$ cat model29.cif   # mmCIF, C-alpha atoms
data_structure
#
loop_
_atom_site.group_PDB
_atom_site.id
_atom_site.type_symbol
_atom_site.label_atom_id
_atom_site.label_comp_id
_atom_site.auth_asym_id
_atom_site.auth_seq_id
_atom_site.Cartn_x
_atom_site.Cartn_y
_atom_site.Cartn_z
ATOM 1 C CA MET V 1 -192.415 100.890 -101.768
ATOM 2 C CA ARG V 2 -193.116 97.902 -99.496
ATOM 3 C CA THR V 3 -190.790 94.908 -99.772
ATOM 4 C CA PRO V 4 -192.762 91.681 -100.391
ATOM 5 C CA VAL V 5 -192.788 88.850 -97.879
ATOM 6 C CA PHE V 6 -190.764 85.719 -98.665
ATOM 7 C CA VAL V 7 -190.908 82.462 -96.694
ATOM 8 C CA SER V 8 -188.075 80.157 -97.798
ATOM 9 C CA THR V 9 -184.563 79.994 -96.308
ATOM 10 C CA GLN V 10 -183.624 82.517 -99.020
ATOM 11 C CA ALA V 11 -186.163 85.047 -97.685
ATOM 12 C CA ALA V 12 -183.643 87.537 -96.252
ATOM 13 C CA SER V 13 -181.535 87.513 -99.419
ATOM 14 C CA LEU V 14 -184.574 87.807 -101.689
ATOM 15 C CA GLU V 15 -185.907 90.749 -99.689
ATOM 16 C CA ALA V 16 -182.493 92.434 -99.807
ATOM 17 C CA PHE V 17 -182.306 91.882 -103.572
ATOM 18 C CA VAL V 18 -185.751 93.376 -104.228
ATOM 19 C CA THR V 19 -184.907 96.322 -101.952
ATOM 20 C CA PHE V 20 -181.716 96.796 -103.973
ATOM 21 C CA LYS V 21 -183.765 96.912 -107.208
ATOM 22 C CA HIS V 22 -186.140 99.466 -105.691
ATOM 23 C CA ALA V 23 -183.197 101.592 -104.567
ATOM 24 C CA MET V 24 -182.066 101.675 -108.197
ATOM 25 C CA GLY V 25 -185.412 103.226 -109.132
ATOM 26 C CA ARG V 26 -186.915 100.023 -110.534
ATOM 27 C CA THR V 27 -190.504 99.060 -109.690
ATOM 28 C CA TYR V 28 -189.448 95.466 -110.472
ATOM 29 C CA ALA V 29 -193.043 94.219 -110.337
ATOM 30 C CA THR V 30 -192.597 91.399 -112.848
ATOM 31 C CA GLY V 31 -189.306 90.251 -111.334
ATOM 32 C CA THR V 32 -190.808 90.252 -107.848
ATOM 33 C CA TYR V 33 -193.804 88.247 -109.051
ATOM 34 C CA TYR V 34 -191.604 85.445 -110.408
ATOM 35 C CA LEU V 35 -189.252 85.536 -107.416
ATOM 36 C CA GLN V 36 -192.256 85.045 -105.121
ATOM 37 C CA GLN V 37 -193.261 82.036 -107.216
ATOM 38 C CA PHE V 38 -189.729 80.675 -106.898
ATOM 39 C CA ASP V 39 -189.735 81.370 -103.156
ATOM 40 C CA GLY V 40 -192.879 79.301 -102.642
ATOM 41 C CA TYR V 41 -191.458 76.481 -104.766
ATOM 42 C CA CYS V 42 -188.171 76.737 -102.884
ATOM 43 C CA ALA V 43 -189.880 76.454 -99.492
ATOM 44 C CA ALA V 44 -191.751 73.314 -100.589
ATOM 45 C CA GLN V 45 -188.627 71.682 -102.000
ATOM 46 C CA GLU V 46 -186.530 72.562 -98.952
ATOM 47 C CA ALA V 47 -189.014 70.592 -96.874
ATOM 48 C CA GLU V 48 -188.088 67.588 -99.044
ATOM 49 C CA GLY V 49 -184.404 68.091 -98.278
ATOM 50 C CA LEU V 50 -183.264 69.412 -101.671
ATOM 51 C CA SER V 51 -180.282 71.741 -101.885
ATOM 52 C CA LEU V 52 -180.565 75.244 -103.364
ATOM 53 C CA GLN V 53 -178.559 74.187 -106.403
ATOM 54 C CA ASP V 54 -180.927 71.283 -107.134
ATOM 55 C CA ILE V 55 -183.984 73.482 -106.544
ATOM 56 C CA VAL V 56 -182.677 76.063 -109.022
ATOM 57 C CA LYS V 57 -181.900 73.362 -111.606
ATOM 58 C CA ASN V 58 -185.462 72.049 -111.377
ATOM 59 C CA TRP V 59 -187.056 75.507 -111.421
ATOM 60 C CA ILE V 60 -185.380 76.717 -114.597
ATOM 61 C CA LEU V 61 -186.449 73.735 -116.728
ATOM 62 C CA GLN V 62 -188.937 74.616 -119.453
ATOM 63 C CA ARG V 63 -192.413 73.518 -118.441
ATOM 64 C CA GLU V 64 -194.662 71.507 -120.684
ATOM 65 C CA SER V 65 -197.252 74.281 -120.861
ATOM 66 C CA GLU V 66 -194.931 77.260 -121.518
ATOM 67 C CA GLY V 67 -193.184 78.642 -124.564
ATOM 68 C CA ALA V 68 -189.537 79.598 -124.818
ATOM 69 C CA ASN V 69 -190.192 83.275 -124.237
ATOM 70 C CA THR V 70 -192.296 82.662 -121.127
ATOM 71 C CA GLN V 71 -189.556 80.438 -119.719
ATOM 72 C CA ARG V 72 -186.960 83.133 -120.395
ATOM 73 C CA VAL V 73 -189.028 85.833 -118.657
ATOM 74 C CA ARG V 74 -189.599 83.531 -115.661
ATOM 75 C CA VAL V 75 -185.934 82.568 -115.319
ATOM 76 C CA ALA V 76 -184.436 86.056 -115.841
ATOM 77 C CA PRO V 77 -185.156 87.394 -112.296
ATOM 78 C CA LEU V 78 -183.651 84.263 -110.742
ATOM 79 C CA ARG V 79 -180.537 84.677 -112.914
ATOM 80 C CA GLU V 80 -180.202 88.257 -111.642
ATOM 81 C CA PHE V 81 -180.709 87.071 -108.068
ATOM 82 C CA GLY V 82 -177.935 84.502 -108.478
ATOM 83 C CA LYS V 83 -175.557 87.176 -109.754
ATOM 84 C CA TYR V 84 -176.540 89.378 -106.814
ATOM 85 C CA LEU V 85 -175.645 86.607 -104.371
ATOM 86 C CA GLN V 86 -172.294 86.088 -106.078
ATOM 87 C CA SER V 87 -171.497 89.809 -106.040
ATOM 88 C CA SER V 88 -172.342 89.839 -102.343
ATOM 89 C CA GLU V 89 -169.820 87.028 -101.855
ATOM 90 C CA GLN V 90 -172.418 84.740 -100.383
ATOM 91 C CA ALA V 91 -171.603 81.053 -100.316
ATOM 92 C CA GLN V 92 -175.032 80.125 -101.680
ATOM 93 C CA GLY V 93 -174.555 82.110 -104.879
ATOM 94 C CA PHE V 94 -175.281 80.396 -108.193
ATOM 95 C CA ARG V 95 -175.016 81.122 -111.912
ATOM 96 C CA ILE V 96 -177.635 80.240 -114.544
ATOM 97 C CA PRO V 97 -176.161 79.985 -118.063
ATOM 98 C CA HIS V 98 -178.032 81.820 -120.820
ATOM 99 C CA LYS V 99 -178.169 78.681 -122.988
ATOM 100 C CA VAL V 100 -180.703 77.196 -120.545
ATOM 101 C CA CYS V 101 -183.443 79.124 -122.341
ATOM 102 C CA ARG V 102 -183.568 78.599 -126.071
ATOM 103 C CA GLN V 103 -184.090 81.648 -128.239
ATOM 104 C CA GLN V 104 -187.659 82.180 -129.298
ATOM 105 C CA ARG V 105 -188.187 82.321 -133.049
ATOM 106 C CA ARG V 106 -190.831 84.839 -133.993
ATOM 107 C CA PRO V 107 -193.101 84.227 -136.932
ATOM 108 C CA MET V 108 -192.826 86.944 -139.547
ATOM 109 C CA PRO V 109 -195.714 89.408 -139.090
ATOM 110 C CA TYR V 110 -198.353 89.440 -141.799
ATOM 111 C CA PHE V 111 -199.467 92.847 -143.048
ATOM 112 C CA PHE V 112 -203.043 93.138 -144.281
ATOM 113 C CA THR V 113 -204.021 94.917 -147.467
ATOM 114 C CA ASP V 114 -207.113 97.119 -147.577
ATOM 115 C CA GLU V 115 -208.836 94.522 -149.754
ATOM 116 C CA GLU V 116 -208.118 91.755 -147.249
ATOM 117 C CA LEU V 117 -209.396 93.821 -144.332
ATOM 118 C CA VAL V 118 -212.630 94.723 -146.126
ATOM 119 C CA GLN V 119 -213.272 91.104 -147.092
ATOM 120 C CA PHE V 120 -212.318 89.723 -143.661
ATOM 121 C CA PHE V 121 -214.729 92.008 -141.804
ATOM 122 C CA HIS V 122 -217.433 91.382 -144.413
ATOM 123 C CA VAL V 123 -217.239 87.672 -143.555
ATOM 124 C CA CYS V 124 -217.235 88.533 -139.829
ATOM 125 C CA ASP V 125 -220.338 90.657 -140.200
ATOM 126 C CA THR V 126 -222.221 87.897 -142.036
ATOM 127 C CA LEU V 127 -221.553 85.080 -139.564
ATOM 128 C CA ALA V 128 -224.630 83.028 -138.812
ATOM 129 C CA PRO V 129 -225.887 82.384 -135.257
ATOM 130 C CA ARG V 130 -224.985 79.012 -133.729
ATOM 131 C CA GLN V 131 -227.034 77.037 -131.267
ATOM 132 C CA GLU V 132 -223.977 76.073 -129.185
ATOM 133 C CA ASN V 133 -222.752 79.693 -128.990
ATOM 134 C CA ARG V 134 -225.626 82.158 -129.053
ATOM 135 C CA VAL V 135 -223.463 85.281 -129.334
ATOM 136 C CA ARG V 136 -220.590 84.165 -131.576
ATOM 137 C CA HIS V 137 -221.892 86.095 -134.596
ATOM 138 C CA LEU V 138 -222.135 89.224 -132.432
ATOM 139 C CA VAL V 139 -218.896 88.885 -130.493
ATOM 140 C CA LEU V 140 -216.306 87.949 -133.125
ATOM 141 C CA PRO V 141 -216.811 90.986 -135.414
ATOM 142 C CA MET V 142 -216.426 93.290 -132.404
ATOM 143 C CA TYR V 143 -213.505 91.341 -130.939
ATOM 144 C CA PHE V 144 -211.443 91.425 -134.135
ATOM 145 C CA ARG V 145 -212.280 95.107 -134.672
ATOM 146 C CA LEU V 146 -210.724 95.882 -131.292
ATOM 147 C CA LEU V 147 -207.495 94.132 -132.298
ATOM 148 C CA TYR V 148 -207.440 96.012 -135.588
ATOM 149 C CA CYS V 149 -208.390 99.462 -134.280
ATOM 150 C CA CYS V 150 -206.451 99.510 -131.001
ATOM 151 C CA GLY V 151 -203.633 96.963 -131.369
ATOM 152 C CA LEU V 152 -204.449 95.022 -128.210
ATOM 153 C CA ARG V 153 -202.831 91.687 -127.511
ATOM 154 C CA THR V 154 -205.241 88.855 -128.266
ATOM 155 C CA ARG V 155 -205.279 87.800 -124.607
ATOM 156 C CA GLU V 156 -206.028 91.332 -123.404
ATOM 157 C CA ALA V 157 -209.108 91.470 -125.617
ATOM 158 C CA ARG V 158 -210.242 87.891 -124.888
ATOM 159 C CA LEU V 159 -210.265 88.398 -121.126
ATOM 160 C CA LEU V 160 -211.514 91.987 -121.115
ATOM 161 C CA LEU V 161 -214.044 92.378 -118.310
ATOM 162 C CA ARG V 162 -217.160 94.517 -118.588
ATOM 163 C CA THR V 163 -215.946 96.445 -115.557
ATOM 164 C CA GLN V 164 -212.846 97.436 -117.555
ATOM 165 C CA VAL V 165 -214.925 98.987 -120.358
ATOM 166 C CA ASN V 166 -216.098 102.588 -119.897
ATOM 167 C CA LEU V 167 -218.180 103.413 -122.957
ATOM 168 C CA PRO V 168 -219.409 106.814 -121.717
ATOM 169 C CA GLY V 169 -215.769 107.794 -121.189
ATOM 170 C CA GLY V 170 -214.652 106.061 -124.374
ATOM 171 C CA TYR V 171 -211.839 103.974 -122.925
ATOM 172 C CA LEU V 172 -210.744 100.525 -121.735
ATOM 173 C CA ASP V 173 -208.597 99.797 -118.693
ATOM 174 C CA ILE V 174 -206.153 96.972 -119.380
ATOM 175 C CA ILE V 175 -205.283 95.523 -115.975
ATOM 176 C CA GLN V 176 -202.277 93.376 -115.042
ATOM 177 C CA SER V 177 -201.359 92.528 -118.613
ATOM 178 C CA LYS V 178 -197.940 91.383 -119.829
ATOM 179 C CA GLY V 179 -195.259 92.505 -117.403
ATOM 180 C CA LEU V 180 -198.007 93.098 -114.805
ATOM 181 C CA LYS V 181 -198.561 96.593 -116.233
ATOM 182 C CA ASP V 182 -201.836 98.545 -116.345
ATOM 183 C CA ARG V 183 -202.768 101.068 -119.020
ATOM 184 C CA ARG V 184 -205.762 102.978 -120.361
ATOM 185 C CA VAL V 185 -206.671 102.585 -124.046
ATOM 186 C CA PHE V 186 -208.957 105.161 -125.639
ATOM 187 C CA LEU V 187 -211.371 104.005 -128.340
ATOM 188 C CA PRO V 188 -211.940 105.653 -131.722
ATOM 189 C CA ASP V 189 -215.344 107.362 -131.802
ATOM 190 C CA ASP V 190 -216.805 105.030 -134.453
ATOM 191 C CA LEU V 191 -215.750 101.935 -132.504
ATOM 192 C CA ARG V 192 -217.140 103.391 -129.296
ATOM 193 C CA SER V 193 -220.481 103.894 -131.039
ATOM 194 C CA LEU V 194 -220.500 100.317 -132.353
ATOM 195 C CA TYR V 195 -219.713 98.966 -128.895
ATOM 196 C CA GLY V 196 -222.606 100.857 -127.373
ATOM 197 C CA LYS V 197 -225.035 99.045 -129.698
ATOM 198 C CA TYR V 198 -223.201 95.715 -129.338
ATOM 199 C CA ASP V 199 -223.193 95.848 -125.532
ATOM 200 C CA ALA V 200 -226.931 96.536 -125.392
ATOM 201 C CA VAL V 201 -227.738 93.549 -127.635
ATOM 202 C CA VAL V 202 -225.457 91.096 -125.813
ATOM 203 C CA ASP V 203 -226.688 92.395 -122.464
ATOM 204 C CA ASN V 204 -230.190 91.233 -123.377
ATOM 205 C CA ILE V 205 -228.842 87.702 -123.880
ATOM 206 C CA PHE V 206 -226.334 87.552 -120.991
ATOM 207 C CA PRO V 207 -227.308 90.404 -118.646
ATOM 208 C CA ASP V 208 -224.814 89.545 -115.890
ATOM 209 C CA ARG V 209 -221.879 88.418 -118.033
ATOM 210 C CA PRO V 210 -218.426 89.146 -116.553
ATOM 211 C CA TYR V 211 -216.634 89.304 -119.932
ATOM 212 C CA PHE V 212 -217.122 91.942 -122.598
ATOM 213 C CA PHE V 213 -216.628 89.300 -125.323
ATOM 214 C CA PRO V 214 -218.410 86.243 -123.890
ATOM 215 C CA THR V 215 -218.952 82.724 -125.159
ATOM 216 C CA THR V 216 -221.534 81.863 -122.486
ATOM 217 C CA ALA V 217 -223.100 83.660 -119.543
ATOM 218 C CA THR V 218 -219.872 83.181 -117.576
ATOM 219 C CA GLY V 219 -217.220 82.114 -120.095
ATOM 220 C CA ALA V 220 -214.654 83.772 -122.382
ATOM 221 C CA TYR V 221 -212.817 82.623 -125.500
ATOM 222 C CA GLY V 222 -209.653 80.570 -125.114
ATOM 223 C CA CYS V 223 -206.488 81.254 -127.079
ATOM 224 C CA SER V 224 -206.822 78.244 -129.376
ATOM 225 C CA THR V 225 -210.527 78.936 -130.028
ATOM 226 C CA ILE V 226 -209.780 82.479 -131.160
ATOM 227 C CA SER V 227 -207.048 81.174 -133.469
ATOM 228 C CA GLN V 228 -209.404 78.581 -134.922
ATOM 229 C CA ASN V 229 -212.126 81.127 -135.540
ATOM 230 C CA PHE V 230 -209.721 83.563 -137.154
ATOM 231 C CA ARG V 231 -208.428 80.878 -139.527
ATOM 232 C CA LYS V 232 -211.969 79.850 -140.488
ATOM 233 C CA ILE V 233 -212.992 83.431 -141.240
ATOM 234 C CA TRP V 234 -209.722 84.149 -143.061
ATOM 235 C CA LYS V 235 -210.179 81.040 -145.211
ATOM 236 C CA ALA V 236 -213.825 81.902 -145.877
ATOM 237 C CA ALA V 237 -212.640 85.325 -147.057
ATOM 238 C CA GLY V 238 -210.587 83.515 -149.703
ATOM 239 C CA PHE V 239 -207.053 84.198 -148.483
ATOM 240 C CA PRO V 240 -204.011 81.994 -147.623
ATOM 241 C CA SER V 241 -203.825 80.617 -144.106
ATOM 242 C CA HIS V 242 -200.534 82.096 -142.892
ATOM 243 C CA ALA V 243 -202.042 85.201 -141.194
ATOM 244 C CA ARG V 244 -202.814 85.162 -137.468
ATOM 245 C CA ALA V 245 -205.166 87.105 -135.222
ATOM 246 C CA TYR V 246 -202.093 88.544 -133.474
ATOM 247 C CA ASP V 247 -201.072 90.161 -136.765
ATOM 248 C CA PHE V 248 -203.735 92.806 -136.191
ATOM 249 C CA ARG V 249 -201.465 94.133 -133.412
ATOM 250 C CA HIS V 250 -198.512 94.300 -135.795
ATOM 251 C CA HIS V 251 -200.671 95.955 -138.435
ATOM 252 C CA PHE V 252 -201.845 98.588 -135.953
ATOM 253 C CA ALA V 253 -198.268 99.564 -135.112
ATOM 254 C CA PHE V 254 -197.210 99.705 -138.762
ATOM 255 C CA ALA V 255 -200.288 101.647 -139.831
ATOM 256 C CA THR V 256 -199.762 104.195 -137.055
ATOM 257 C CA LEU V 257 -196.076 104.689 -137.857
ATOM 258 C CA ASN V 258 -196.824 104.852 -141.563
ATOM 259 C CA ARG V 259 -199.450 107.536 -140.985
ATOM 260 C CA TRP V 260 -197.051 109.611 -138.896
ATOM 261 C CA ILE V 261 -194.291 109.365 -141.484
ATOM 262 C CA ALA V 262 -196.693 110.297 -144.304
ATOM 263 C CA GLN V 263 -197.791 113.324 -142.254
ATOM 264 C CA GLY V 264 -194.206 114.392 -141.698
ATOM 265 C CA ALA V 265 -194.685 114.099 -137.933
ATOM 266 C CA ASP V 266 -191.840 113.870 -135.423
ATOM 267 C CA VAL V 267 -191.780 110.074 -135.049
ATOM 268 C CA GLN V 268 -189.153 110.149 -132.321
ATOM 269 C CA ALA V 269 -191.318 112.433 -130.167
ATOM 270 C CA ARG V 270 -194.465 110.384 -130.709
ATOM 271 C CA LEU V 271 -193.029 106.893 -130.215
ATOM 272 C CA PRO V 272 -193.271 106.965 -126.379
ATOM 273 C CA TYR V 273 -197.033 107.531 -126.727
ATOM 274 C CA LEU V 274 -197.376 104.503 -129.022
ATOM 275 C CA THR V 275 -195.222 102.490 -126.618
ATOM 276 C CA ARG V 276 -197.543 103.332 -123.731
ATOM 277 C CA TYR V 277 -200.712 102.783 -125.769
ATOM 278 C CA MET V 278 -199.592 99.301 -126.863
ATOM 279 C CA GLY V 279 -198.274 98.298 -123.434
ATOM 280 C CA HIS V 280 -194.686 97.714 -124.560
ATOM 281 C CA ALA V 281 -191.978 97.375 -121.927
ATOM 282 C CA SER V 282 -189.871 100.100 -123.531
ATOM 283 C CA VAL V 283 -189.572 102.259 -126.637
ATOM 284 C CA ASP V 284 -187.056 99.724 -127.954
ATOM 285 C CA SER V 285 -189.886 97.208 -128.331
ATOM 286 C CA THR V 286 -191.834 99.688 -130.458
ATOM 287 C CA PHE V 287 -188.744 100.415 -132.569
ATOM 288 C CA TYR V 288 -188.919 96.729 -133.513
ATOM 289 C CA TYR V 289 -191.596 97.576 -136.072
ATOM 290 C CA LEU V 290 -189.327 100.024 -137.879
ATOM 291 C CA HIS V 291 -186.770 97.279 -138.476
ATOM 292 C CA LEU V 292 -188.879 94.613 -140.128
ATOM 293 C CA VAL V 293 -189.847 95.540 -143.651
ATOM 294 C CA PRO V 294 -189.273 99.209 -144.493
ATOM 295 C CA GLU V 295 -190.726 98.705 -147.960
ATOM 296 C CA PHE V 296 -194.133 98.358 -146.293
ATOM 297 C CA PHE V 297 -194.128 102.132 -145.778
ATOM 298 C CA PRO V 298 -195.033 103.915 -149.035
ATOM 299 C CA THR V 299 -193.282 107.051 -147.789
ATOM 300 C CA PHE V 300 -190.546 105.362 -145.760
ATOM 301 C CA ALA V 301 -187.785 105.268 -148.375
ATOM 302 C CA ASP V 302 -187.215 109.030 -148.372
ATOM 303 C CA LYS V 303 -187.087 109.077 -144.580
ATOM 304 C CA THR V 304 -184.809 106.077 -143.966
ATOM 305 C CA LYS V 305 -181.523 107.953 -143.707
ATOM 306 C CA ILE V 306 -183.034 110.396 -141.202
ATOM 307 C CA LEU V 307 -184.479 107.619 -139.045
ATOM 308 C CA GLU V 308 -181.473 105.277 -139.066
ATOM 309 C CA GLN V 309 -179.794 107.193 -136.263
ATOM 310 C CA LEU V 310 -182.898 106.690 -134.116
ATOM 311 C CA LEU V 311 -182.961 102.890 -134.372
ATOM 312 C CA PRO V 312 -181.372 100.933 -131.503
ATOM 313 C CA GLU V 313 -180.705 97.210 -131.493
ATOM 314 C CA VAL V 314 -183.917 95.214 -131.610
ATOM 315 C CA SER V 315 -185.236 93.879 -128.314
ATOM 316 C CA ASP V 316 -187.420 90.771 -128.319
ATOM 317 C CA ASP V 317 -188.663 90.813 -124.759
ATOM 318 C CA ASP V 318 -192.160 92.169 -125.217
ATOM 319 C CA GLU V 319 -193.910 90.341 -128.024
ATOM 320 C CA GLU V 320 -196.775 87.859 -127.926
#

$ encode --input "model29.cif" --output "structure tokens"
Amino acid sequence: MRTPVFVSTQAASLEAFVTFKHAMGRTYATGTYYLQQFDGYCAAQEAEGLSLQDIVKNWILQRESEGANTQRVRVAPLREFGKYLQSSEQAQGFRIPHKVCRQQRRPMPYFFTDEELVQFFHVCDTLAPRQENRVRHLVLPMYFRLLYCCGLRTREARLLLRTQVNLPGGYLDIIQSKGLKDRRVFLPDDLRSLYGKYDAVVDNIFPDRPYFFPTTATGAYGCSTISQNFRKIWKAAGFPSHARAYDFRHHFAFATLNRWIAQGADVQARLPYLTRYMGHASVDSTFYYLHLVPEFFPTFADKTKILEQLLPEVSDDDEE
């Protein structure tokens, strides 16, 4: 595994730290990515005469455009690097207190009923064409079906490229998603069939589009636009406004686990497959769904005592 190139006065120490992580069997791709960002920032600030301590203080501040969880993920590798320097008894070591990053508060997931899902997709399928967005009525029903059927993150689906969609093979390649991880997601047969028809129709309108779910010949939906469209459709379906598009991902995980439990399957053996399919950092992140509301599972109550020994402490480092 090749050690990345760093350019600041901390280059030798950063390279040694990443090599140390690799020697421990860690790919450390995400950590390396953020350390390279810090290294570039560090080099620029050193040119202005700032000390390492001041550079670190400025780097760890929450940015205007980032949430608490993004800040925490960005700062974590630098915190580890500081500890590494201290353990190596280097004079330039530093410590970043955990209170620098405030704890992210997750919204409670919303779980859809069958009635809500039927009504929501009925409204999706009856959207009218719009002059300012010629494919909205075609794209949104297929976009939200992907979230529901495959549990993708909203961003993964929004920015899905046509080159990442293999309809003959029946799969999608999710590239460089959260944590800089790649994975292959296989489509249900009925969804694959729908996408074949959808792609042909949209291709006639935007034949050279880069995105599978376009807004224009070259554009894709933004995060806020997807949220706005979901709320409009949800309201038009006649339901309260507290559900989110991201809740389709939660629903997918719950529905899958519920189906396994109802079938009497070995949940412990199957969880790593769900973890990989959903792009979670670890099985612990998938276990998160078993902690939330056990009463959601119609067959969960009889299984609870058996499963309790399988449930670790909840990790919150892989959501949204």

$ resolve_selection --input "model29.cif" --expression "the PyMOL selection byres ((chain V and resi 249) around 10)" --output "ChimeraX atom specification"
/V:109,111,146-154,244-248,250-255,278,320

$ write_last_selection --input "model29.cif" --atoms "C-alpha atoms" --output "CSV table (one decimal), in the coordinates of the input"
chain,number,residue,atom,x,y,z
V,109,PRO,CA,-195.7,89.4,-139.1
V,111,PHE,CA,-199.5,92.8,-143.0
V,146,LEU,CA,-210.7,95.9,-131.3
V,147,LEU,CA,-207.5,94.1,-132.3
V,148,TYR,CA,-207.4,96.0,-135.6
V,149,CYS,CA,-208.4,99.5,-134.3
V,150,CYS,CA,-206.5,99.5,-131.0
V,151,GLY,CA,-203.6,97.0,-131.4
V,152,LEU,CA,-204.4,95.0,-128.2
V,153,ARG,CA,-202.8,91.7,-127.5
V,154,THR,CA,-205.2,88.9,-128.3
V,244,ARG,CA,-202.8,85.2,-137.5
V,245,ALA,CA,-205.2,87.1,-135.2
V,246,TYR,CA,-202.1,88.5,-133.5
V,247,ASP,CA,-201.1,90.2,-136.8
V,248,PHE,CA,-203.7,92.8,-136.2
V,250,HIS,CA,-198.5,94.3,-135.8
V,251,HIS,CA,-200.7,96.0,-138.4
V,252,PHE,CA,-201.8,98.6,-136.0
V,253,ALA,CA,-198.3,99.6,-135.1
V,254,PHE,CA,-197.2,99.7,-138.8
V,255,ALA,CA,-200.3,101.6,-139.8
V,278,MET,CA,-199.6,99.3,-126.9
V,320,GLU,CA,-196.8,87.9,-127.9

$ residues_around --input "model29.cif" --residues "segment 121-132 of chain V" --least-positions-apart "4" --cutoff "10 Å" --atoms "only C-alpha atoms" --output "short mmCIF file (atom, residue, chain, number, x, y, z; two decimals) with C-alpha atoms, in the coordinates of the input"
data_model
loop_
_atom_site.label_atom_id
_atom_site.label_comp_id
_atom_site.auth_asym_id
_atom_site.auth_seq_id
_atom_site.Cartn_x
_atom_site.Cartn_y
_atom_site.Cartn_z
CA GLU V 116 -208.12 91.76 -147.25
CA LEU V 117 -209.40 93.82 -144.33
CA ARG V 136 -220.59 84.16 -131.58
CA HIS V 137 -221.89 86.10 -134.60
CA LEU V 138 -222.14 89.22 -132.43
CA VAL V 139 -218.90 88.88 -130.49
CA LEU V 140 -216.31 87.95 -133.12
CA PRO V 141 -216.81 90.99 -135.41
CA MET V 142 -216.43 93.29 -132.40
CA PHE V 144 -211.44 91.42 -134.14
CA ARG V 145 -212.28 95.11 -134.67
CA THR V 215 -218.95 82.72 -125.16
CA THR V 216 -221.53 81.86 -122.49
CA ASN V 229 -212.13 81.13 -135.54
CA PHE V 230 -209.72 83.56 -137.15
CA LYS V 232 -211.97 79.85 -140.49
CA ILE V 233 -212.99 83.43 -141.24
CA TRP V 234 -209.72 84.15 -143.06
CA LYS V 235 -210.18 81.04 -145.21
CA ALA V 236 -213.82 81.90 -145.88
CA ALA V 237 -212.64 85.32 -147.06
CA GLY V 238 -210.59 83.52 -149.70
#

$ atom_distance --input "model29.cif" --atom1 "atom CA of Asp173 of chain V" --atom2 "atom CA of Arg74 of chain V"
25.2 Å

$ atom_distance --input "model29.cif" --atom1 "atom CA of Ile226 of chain V" --atom2 "atom CA of His280 of chain V"
22.4 Å

$ resolve_selection --input "model29.cif" --expression "the PyMOL selection byres ((chain V and resi 30) around 12)" --output "PDB file with C-alpha atoms, keeping the file's coordinate frame"
ATOM      1  CA  VAL V  18    -185.751  93.376-104.228  1.00  0.00           C
ATOM      2  CA  LYS V  21    -183.765  96.912-107.208  1.00  0.00           C
ATOM      3  CA  ARG V  26    -186.915 100.023-110.534  1.00  0.00           C
ATOM      4  CA  THR V  27    -190.504  99.060-109.690  1.00  0.00           C
ATOM      5  CA  TYR V  28    -189.448  95.466-110.472  1.00  0.00           C
ATOM      6  CA  ALA V  29    -193.043  94.219-110.337  1.00  0.00           C
ATOM      7  CA  GLY V  31    -189.306  90.251-111.334  1.00  0.00           C
ATOM      8  CA  THR V  32    -190.808  90.252-107.848  1.00  0.00           C
ATOM      9  CA  TYR V  33    -193.804  88.247-109.051  1.00  0.00           C
ATOM     10  CA  TYR V  34    -191.604  85.445-110.408  1.00  0.00           C
ATOM     11  CA  LEU V  35    -189.252  85.536-107.416  1.00  0.00           C
ATOM     12  CA  GLN V  36    -192.256  85.045-105.121  1.00  0.00           C
ATOM     13  CA  GLN V  37    -193.261  82.036-107.216  1.00  0.00           C
ATOM     14  CA  VAL V  73    -189.028  85.833-118.657  1.00  0.00           C
ATOM     15  CA  ARG V  74    -189.599  83.531-115.661  1.00  0.00           C
ATOM     16  CA  VAL V  75    -185.934  82.568-115.319  1.00  0.00           C
ATOM     17  CA  ALA V  76    -184.436  86.056-115.841  1.00  0.00           C
ATOM     18  CA  PRO V  77    -185.156  87.394-112.296  1.00  0.00           C
ATOM     19  CA  LEU V  78    -183.651  84.263-110.742  1.00  0.00           C
ATOM     20  CA  GLN V 176    -202.277  93.376-115.042  1.00  0.00           C
ATOM     21  CA  SER V 177    -201.359  92.528-118.613  1.00  0.00           C
ATOM     22  CA  LYS V 178    -197.940  91.383-119.829  1.00  0.00           C
ATOM     23  CA  GLY V 179    -195.259  92.505-117.403  1.00  0.00           C
ATOM     24  CA  LEU V 180    -198.007  93.098-114.805  1.00  0.00           C
ATOM     25  CA  LYS V 181    -198.561  96.593-116.233  1.00  0.00           C
ATOM     26  CA  ALA V 281    -191.978  97.375-121.927  1.00  0.00           C
TER      27      ALA V 281
END

$ atom_distance --input "model29.cif" --atom1 "atom CA of Asp266 of chain V" --atom2 "atom CA of Gly169 of chain V"
28.5 Å

$ resolve_selection --input "model29.cif" --expression "the PyMOL selection byres ((chain V and resi 167) around 12)" --output "list of chain:residue names"
V:Arg162, V:Thr163, V:Gln164, V:Val165, V:Asn166, V:Pro168, V:Gly169, V:Gly170, V:Tyr171, V:Leu172, V:Asp173, V:Val185, V:Phe186, V:Leu187, V:Pro188, V:Asp189, V:Asp190, V:Leu191, V:Arg192, V:Ser193, V:Leu194, V:Tyr195, V:Gly196, V:Lys197, V:Tyr198, V:Asp199, V:Ala200, V:Phe212

$ closest_residue --input "model29.cif" --among "V:Ser65, V:Ala269, V:Arg158, V:Phe81" --to "Ser227 of chain V" --atoms "only C-alpha atoms"
V:Arg158

$ closest_residue --input "model29.cif" --among "V:Phe206, V:Tyr211, V:Asp54, V:Arg134" --to "Leu161 of chain V" --atoms "all atoms listed in the file"
V:Tyr211

$ residues_around --input "model29.cif" --residues "Arg95 of chain V" --least-positions-apart "6" --cutoff "9 Å" --atoms "all atoms listed in the file" --output "list in words"
Arg79, Glu80, Gly82, Lys83 and Gln86 of chain V
